[in-house]
2 protein chains.
Amino acid sequence: MKVSRLIGSRTKETPQDCQTANHIFMVRGGYIRNVAAGIFSLYNPMRRVTQKIERIIREEMDAIDGQEVLFPVVMPATLWQASGRYDAIGSEMARFTDRNGAKNVLGMTHEEASVHLVRDVAQSYQNFPFMIYQIQTKFRDEPRSRGGLMRVREFTMKDAYSFHTDWDDLTEYYNRCLQAYRRIFARAGLADVAVVQADSGMMGGSISHEFMYLSPIGEDKIIKCPFCDFISNLEAAETIVRQTSRPEMPLTKIHTPDIKTIRALGDSLGLQDDSLMKAVVYSRVADGTPIVVFVRGDMEVSETKLRNHIGTDIVPYEETGTHSGIVAGFIGAVGLDSGITCVLDRSLQGATNLVGGANEIDYHISGISMARDLPNAVYADVAKAVEDGICPACRKEGLGITGGVEVGNIFQLGDKYTKAMKMQYLDNAGELQYPIMGCYGIGVGRLAASVLEEHHDDYGPIWPIEIAPWQVAICALNIKTDAVKTAADALYQSLAESGIEVLYDDREVSAGVMFSDADLLGCPLRLVVSPKTLARGAIEVIARDKSYKADLDFDATKTNEIAAWVTKWIAEARKQTREQVKKQANLQPNSGE
Amino acid sequence: MKVSRLIGSRTKETPQDCQTANHIFMVRGGYIRNVAAGIFSLYNPMRRVTQKIERIIREEMDAIDGQEVLFPVVMPATLWQASGRYDAIGSEMARFTDRNGAKNVLGMTHEEASVHLVRDVAQSYQNFPFMIYQIQTKFRDEPRSRGGLMRVREFTMKDAYSFHTDWDDLTEYYNRCLQAYRRIFARAGLADVAVVQADSGMMGGSISHEFMYLSPIGEDKIIKCPFCDFISNLEAAETIVRQTSRPEMPLTKIHTPDIKTIRALGDSLGLQDDSLMKAVVYSRVADGTPIVVFVRGDMEVSETKLRNHIGTDIVPYEETGTHSGIVAGFIGAVGLDSGITCVLDRSLQGATNLVGGANEIDYHISGISMARDLPNAVYADVAKAVEDGICPACRKEGLGITGGVEVGNIFQLGDKYTKAMKMQYLDNAGELQYPIMGCYGIGVGRLAASVLEEHHDDYGPIWPIEIAPWQVAICALNIKTDAVKTAADALYQSLAESGIEVLYDDREVSAGVMFSDADLLGCPLRLVVSPKTLARGAIEVIARDKSYKADLDFDATKTNEIAAWVTKWIAEARKQTREQVKKQANLQPNSGE
């Protein structure tokens, strides 16, 4: 490819709305163009990167006996009604009515489609286990799309579905896939992706893991124990709370005019946060009914944990004016209208002498002892873990929190979908059984963005050899000079004929522009041809990561020797990647797995 | 791949709703599964076929300097409003409103997106020409989806967009692309795709061609002249009409109670069809206003030609009850309400003594002479060409009509989109100019279906070597026999290690089932290992197309020799394809081009 023909411009200016290195360089380097909120077009260099990632994924999925298939983007609502998710999922799922009045959805995941594909053709235990996967466009109407390809609404995803006759087989395959994921990330350039215990959310099932590229830019919060090897998504971790013992006191109604927040209440009464009982109200997406969550004043509700506990999608409650029994600002667990769904967090279990709302305007109640005043209460774990909190594995205090970008996830789904969609097989005793499933996702664009985030300097991306848009860039300085043009042309041809992916900057631009553009395009190796290098009978070779710089003897009739040198260099770089991958594969899984 | 693990079942029964060989074998062979009207999932064998087609397309697009990019499936309505197509296109385009209330469309083509991608980065004549392409899922809410992958609503398409500074450059590139398309089709297995003059429809522009796989199953109608090399889509061809000369007669109002069809009118008056003036009413999709088309009684209106003439989408008119000025059944050109848009087909030009409606219930008018009674009439060519009609090229009578499947199309768009979307560049005189565009599409699934239609026998597909899901199938008959299993396992391993794509039927099934399944999977070469062949120290090799059958000496320690033989056989088959491609490339373009 000649740079003079490459579509997409490169700029020095940092665009205003870009905060992270990956976003900045993708815009500055001519990799992506924003079309709408969370929707992008990809220029050729980015498409080359994603295609290489897709190739790595295919190779690794095929290596664990995956069969590539293709599901549709547009699916009939009936398919999603069969699993119950048509109603359970909220506005994240795009829906439209077609010309015949039929309701359709845009695929955000394909569990239903995968069961539909195999239901009638895997009816004997002898057909199991198997795994099918696809690489395809998905749409998720994400409210918080931002940061370039990091969090988008439309994205390319590899999603895989495995089917098994028993949990042992699923577990074994799940672990094979986990290792395949490590190889994929390492090959793409993320050597140290953390495998963390995750929330399985709307997917159903119990065990699931996320592959987290740990980075301050990550929007996910990962908790790590400094004492043991516990690591987890903050939203998935069990929260361990220690109760402060306080003497019991009688229930007392107190007048608290205009005090409507927990902070104001604590301040006005001179109480610490953990003496307060906080109420947070949500409403069910499906029917709008409210759910009141009570949590100790020093804790926060995890919407994810709450969602899983309730088993349906929720949104923050908005006062509608209709009589709900909820007295905003003064909601309390004691004396709450028994018609309202109420969830008590475990942080309240056994607590004594708390202050909470009185369910009456301008009144709170003090002296609440949970065991005494709410003797029939059932507690759930719906609070977020906190920094310096207690590790649920080793029970030591001092949890750390770090940012993470979720580049992949794997789930043990069990029979949620096969049961709902009535997929059965005959086992070897002739009995009908529901298969159990696993599912496995990787976001291609987010992975590319993470690799860029991990591998860049002040001037642009330093693409790893396996996913670089081109392996080599030729910079022909002062190409108006006949000698330079002849030499660079010959070099370009030799390299291309040797099967090397080469980008040739053949423009009449200054050395400054040429080098800064080359930095932005980030090819691992650069060959510089200039009147100066030719005068000393050489071209200059520089690694993009600055690990190597040298002169190579140049003879216009022997450019094939340079091509051979470059081929060797690429092979060496690839070898290093393979060694990195091997090291990953030998890693012991951490306890979160 | 082992057949015991391959997901998808093969059946002997022909499914009821399948009419064509390609559809029958795709269902019977476990290639596709219907998800909703015109929406399919692909099993692994089909995905392998489409991936190989995609690879061929990429190679040929890259060879004509194409740059692969990726546009989004979901696009904001604003992008389509900019070109005017948001309103011009009807219910074929799927639309939805997202969670923020913004209107979106699902991409059915990407002219707007391509201009959006390059508008800000191709501002100098030096950036031109260039071509960008993508391979991606599209959705078109097609009312007549049927026939498996032949006519679907969701499909994978390669769409390409080229940008030029002048028409000569576009024409030159257009012809390069036309040749690339011939190579693509020939490589995929369609050696004789006809290149026909086409209608450019909603794409805009003037010159366009369709690549037609000529087959009785094709829904497109292609007209061919037996005397010259004229070939065209029926909907795009100019219609040449000869006028019968008849004496002029005075206008006479005639009472024709209850005669509301042209057929009934002709019968009741004893007149030939070409003595009648037929009215067909449409309405504009945009605002519902009616358009009355008059055509000679022996001709049919071409909706496509009418749509192009009017410049907006139309649908058959439905009486709404509101006062429209239209007297259904008795509409005539003479005395029609001047507020109604009226289109006169050229078949009426110069006609004399016609009978048409009187715009009054139960009355017609006879003796209509167009020149005398409608002296200011303007005529348009909106009638369909007819079988045995006059060739617009050589003017001889005797046009033939044949079926065609449109596997690709190319368009010279001109500046329709760049002008509408204000994309400009500075020419070498420093003046602002609008670039002109070409666009180029291939439907991947339809191409696969056409290849299957062209290459099959009574038992299944005979996949061409370049796109076969696997190159070789091993059938291990009586695999319970140790000798067979050992031999087949060794053979499988040797072939796979030699880089051959091999499907290994390792199931304990009868020879009948194994062979009929192998026929349905259609791999070009089959290796049969059985107690019988081993007893004579051999395996049997059979080409799927029956062109070859022989014994190969088998020695379990020298399976690599068989792998070498197979490698050579594949290379030979590929060579034949390349020769076919060369022959195509040397073809003179026919006059339609």
# chains A, B, ... in the order shown; residues from 1 in each chain; ligands from 1

$ select_by_dssp --residues "range 371-447 of chain B" --states "strand (DSSP E)" --output "list of chain:residue names"
B:Tyr379, B:Ala380, B:Gly400, B:Ile401, B:Thr402, B:Gly403, B:Gly404, B:Val405, B:Glu406, B:Val407, B:Gly408, B:Asn409, B:Ile410, B:Phe411, B:Gln412, B:Leu413, B:Gly414, B:Tyr425, B:Leu426, B:Leu432, B:Gln433, B:Ile436, B:Met437, B:Gly438, B:Cys439, B:Tyr440, B:Gly441, B:Ile442, B:Gly443

$ interface_residues --of "chain A" --to "chain B" --cutoff "8 Å" --atoms "only C-alpha atoms" --output "count of residues only"
48

$ atom_distance --atom1 "CA of Ser145 in chain B" --atom2 "CA of Met157 in chain B"
16.3 Å

$ closest_residue --among "B:Leu534, B:Ala511, B:Leu354, B:Leu306" --to "Ser275 in chain B" --atoms "only C-alpha atoms"
B:Leu354

$ residues_around --residues "Gly288 in chain B" --least-positions-apart "5" --cutoff "10 Å" --atoms "only C-alpha atoms" --output "list in words"
Tyr282, Ser283, Ile314, Val315, Tyr317, Glu318 and Thr320 of chain B

$ select_by_dssp --residues "range 353-489 of chain A" --states "helix (DSSP H, G or I)" --output "MDAnalysis selection string"
chainID A and resid 370:373 416:420 444:454 482:489

$ write_last_selection --atoms "N, CA, C and O atoms" --output "short mmCIF file (atom, residue, chain, number, x, y, z; two decimals), in the first residue's frame"
data_model
loop_
_atom_site.label_atom_id
_atom_site.label_comp_id
_atom_site.auth_asym_id
_atom_site.auth_seq_id
_atom_site.Cartn_x
_atom_site.Cartn_y
_atom_site.Cartn_z
N MET A 370 -32.18 -4.60 64.22
CA MET A 370 -32.74 -5.41 63.15
C MET A 370 -33.40 -6.68 63.68
O MET A 370 -34.53 -7.01 63.33
N ALA A 371 -32.70 -7.42 64.52
CA ALA A 371 -33.21 -8.71 65.00
C ALA A 371 -34.48 -8.53 65.83
O ALA A 371 -35.41 -9.32 65.75
N ARG A 372 -34.51 -7.44 66.58
CA ARG A 372 -35.65 -7.20 67.46
C ARG A 372 -36.84 -6.65 66.69
O ARG A 372 -37.98 -7.11 66.82
N ASP A 373 -36.56 -5.64 65.78
CA ASP A 373 -37.66 -4.91 65.16
C ASP A 373 -38.12 -5.50 63.82
O ASP A 373 -39.21 -5.21 63.35
N LYS A 416 -30.33 -23.01 31.35
CA LYS A 416 -31.31 -21.92 31.26
C LYS A 416 -31.95 -21.83 29.87
O LYS A 416 -33.17 -21.78 29.74
N TYR A 417 -31.12 -21.82 28.84
CA TYR A 417 -31.66 -21.62 27.48
C TYR A 417 -32.21 -22.90 26.88
O TYR A 417 -33.23 -22.88 26.20
N THR A 418 -31.55 -24.01 27.13
CA THR A 418 -32.04 -25.26 26.53
C THR A 418 -33.38 -25.65 27.14
O THR A 418 -34.26 -26.16 26.44
N LYS A 419 -33.55 -25.38 28.41
CA LYS A 419 -34.81 -25.68 29.07
C LYS A 419 -35.92 -24.76 28.56
O LYS A 419 -37.00 -25.21 28.19
N ALA A 420 -35.61 -23.46 28.54
CA ALA A 420 -36.62 -22.49 28.11
C ALA A 420 -37.04 -22.76 26.67
O ALA A 420 -38.19 -22.58 26.30
N VAL A 444 -13.93 -7.53 19.43
CA VAL A 444 -12.75 -7.35 18.58
C VAL A 444 -12.22 -5.92 18.66
O VAL A 444 -11.02 -5.70 18.84
N GLY A 445 -13.11 -4.94 18.53
CA GLY A 445 -12.67 -3.55 18.52
C GLY A 445 -12.11 -3.11 19.86
O GLY A 445 -11.11 -2.39 19.94
N ARG A 446 -12.73 -3.57 20.93
CA ARG A 446 -12.25 -3.20 22.26
C ARG A 446 -10.88 -3.81 22.52
O ARG A 446 -10.02 -3.19 23.16
N LEU A 447 -10.69 -5.02 22.01
CA LEU A 447 -9.37 -5.64 22.15
C LEU A 447 -8.32 -4.82 21.40
O LEU A 447 -7.24 -4.53 21.94
N ALA A 448 -8.65 -4.40 20.18
CA ALA A 448 -7.71 -3.57 19.41
C ALA A 448 -7.39 -2.28 20.18
O ALA A 448 -6.23 -1.87 20.26
N ALA A 449 -8.42 -1.66 20.76
CA ALA A 449 -8.22 -0.42 21.51
C ALA A 449 -7.34 -0.66 22.75
O ALA A 449 -6.48 0.15 23.08
N SER A 450 -7.56 -1.79 23.40
CA SER A 450 -6.75 -2.11 24.59
C SER A 450 -5.30 -2.34 24.22
O SER A 450 -4.38 -1.91 24.94
N VAL A 451 -5.07 -3.03 23.11
CA VAL A 451 -3.70 -3.27 22.67
C VAL A 451 -3.02 -1.93 22.39
O VAL A 451 -1.88 -1.69 22.80
N LEU A 452 -3.75 -1.03 21.73
CA LEU A 452 -3.17 0.29 21.46
C LEU A 452 -2.87 1.02 22.77
O LEU A 452 -1.80 1.63 22.92
N GLU A 453 -3.81 0.94 23.70
CA GLU A 453 -3.59 1.60 25.00
C GLU A 453 -2.32 1.08 25.67
O GLU A 453 -1.56 1.84 26.27
N GLU A 454 -2.12 -0.22 25.56
CA GLU A 454 -0.97 -0.86 26.23
C GLU A 454 0.33 -0.58 25.48
O GLU A 454 1.39 -0.49 26.09
N ASP A 482 15.89 11.14 -7.91
CA ASP A 482 15.77 9.90 -8.67
C ASP A 482 16.29 8.70 -7.91
O ASP A 482 15.67 7.63 -7.89
N ALA A 483 17.45 8.87 -7.29
CA ALA A 483 18.08 7.74 -6.61
C ALA A 483 17.19 7.21 -5.50
O ALA A 483 17.06 5.99 -5.32
N VAL A 484 16.57 8.12 -4.77
CA VAL A 484 15.70 7.70 -3.67
C VAL A 484 14.49 6.95 -4.22
O VAL A 484 14.14 5.87 -3.76
N LYS A 485 13.86 7.54 -5.25
CA LYS A 485 12.67 6.91 -5.80
C LYS A 485 12.99 5.51 -6.36
O LYS A 485 12.27 4.53 -6.09
N THR A 486 14.08 5.42 -7.09
CA THR A 486 14.46 4.12 -7.67
C THR A 486 14.71 3.10 -6.57
O THR A 486 14.22 1.96 -6.63
N ALA A 487 15.46 3.53 -5.55
CA ALA A 487 15.80 2.61 -4.46
C ALA A 487 14.55 2.19 -3.70
O ALA A 487 14.32 1.00 -3.45
N ALA A 488 13.70 3.16 -3.37
CA ALA A 488 12.51 2.85 -2.56
C ALA A 488 11.53 1.99 -3.35
O ALA A 488 10.94 1.04 -2.82
N ASP A 489 11.36 2.31 -4.65
CA ASP A 489 10.49 1.49 -5.50
C ASP A 489 10.96 0.04 -5.52
O ASP A 489 10.17 -0.90 -5.39
#

$ residues_around --residues "range 172-187 of chain B" --least-positions-apart "4" --cutoff "8 Å" --atoms "only C-alpha atoms" --output "list in words"
Ile56, Ile57, Glu60, Met61, Ile64, Asp168, Ala191, Asp192, Val193, Gly408, Ile410, Gln412, Gly438, Tyr440, Glu466, Thr577, Arg578, Gln580, Val581, Lys582, Gln584 and Ala585 of chain B

$ residues_around --residues "Val301 in chain B" --least-positions-apart "3" --cutoff "12 Å" --atoms "only C-alpha atoms" --output "JSON, numbers by chain"
{"B": [234, 235, 239, 278, 279, 280, 281, 282, 292, 293, 294, 295, 296, 297, 298, 304, 305, 306, 307, 309, 316, 343, 344, 345, 346, 347, 380, 381, 382, 383, 384, 385, 386]}

$ residues_around --residues "range 548-555 of chain A" --least-positions-apart "3" --cutoff "12 Å" --atoms "only C-alpha atoms" --output "number ranges by chain"
A: 483-484, 486-488, 490-491, 524-530, 532-545, 558-566, 569, 573

$ atom_distance --atom1 "CA of Ile462 in chain A" --atom2 "CA of Thr481 in chain A"
29.9 Å

$ closest_residue --among "A:Gly218, A:Pro392, A:Gly270, A:Gly311" --to "Arg85 in chain A" --atoms "only C-alpha atoms"
A:Gly311

$ atom_distance --atom1 "CA of Gly266 in chain B" --atom2 "CA of Gln243 in chain B"
18.1 Å
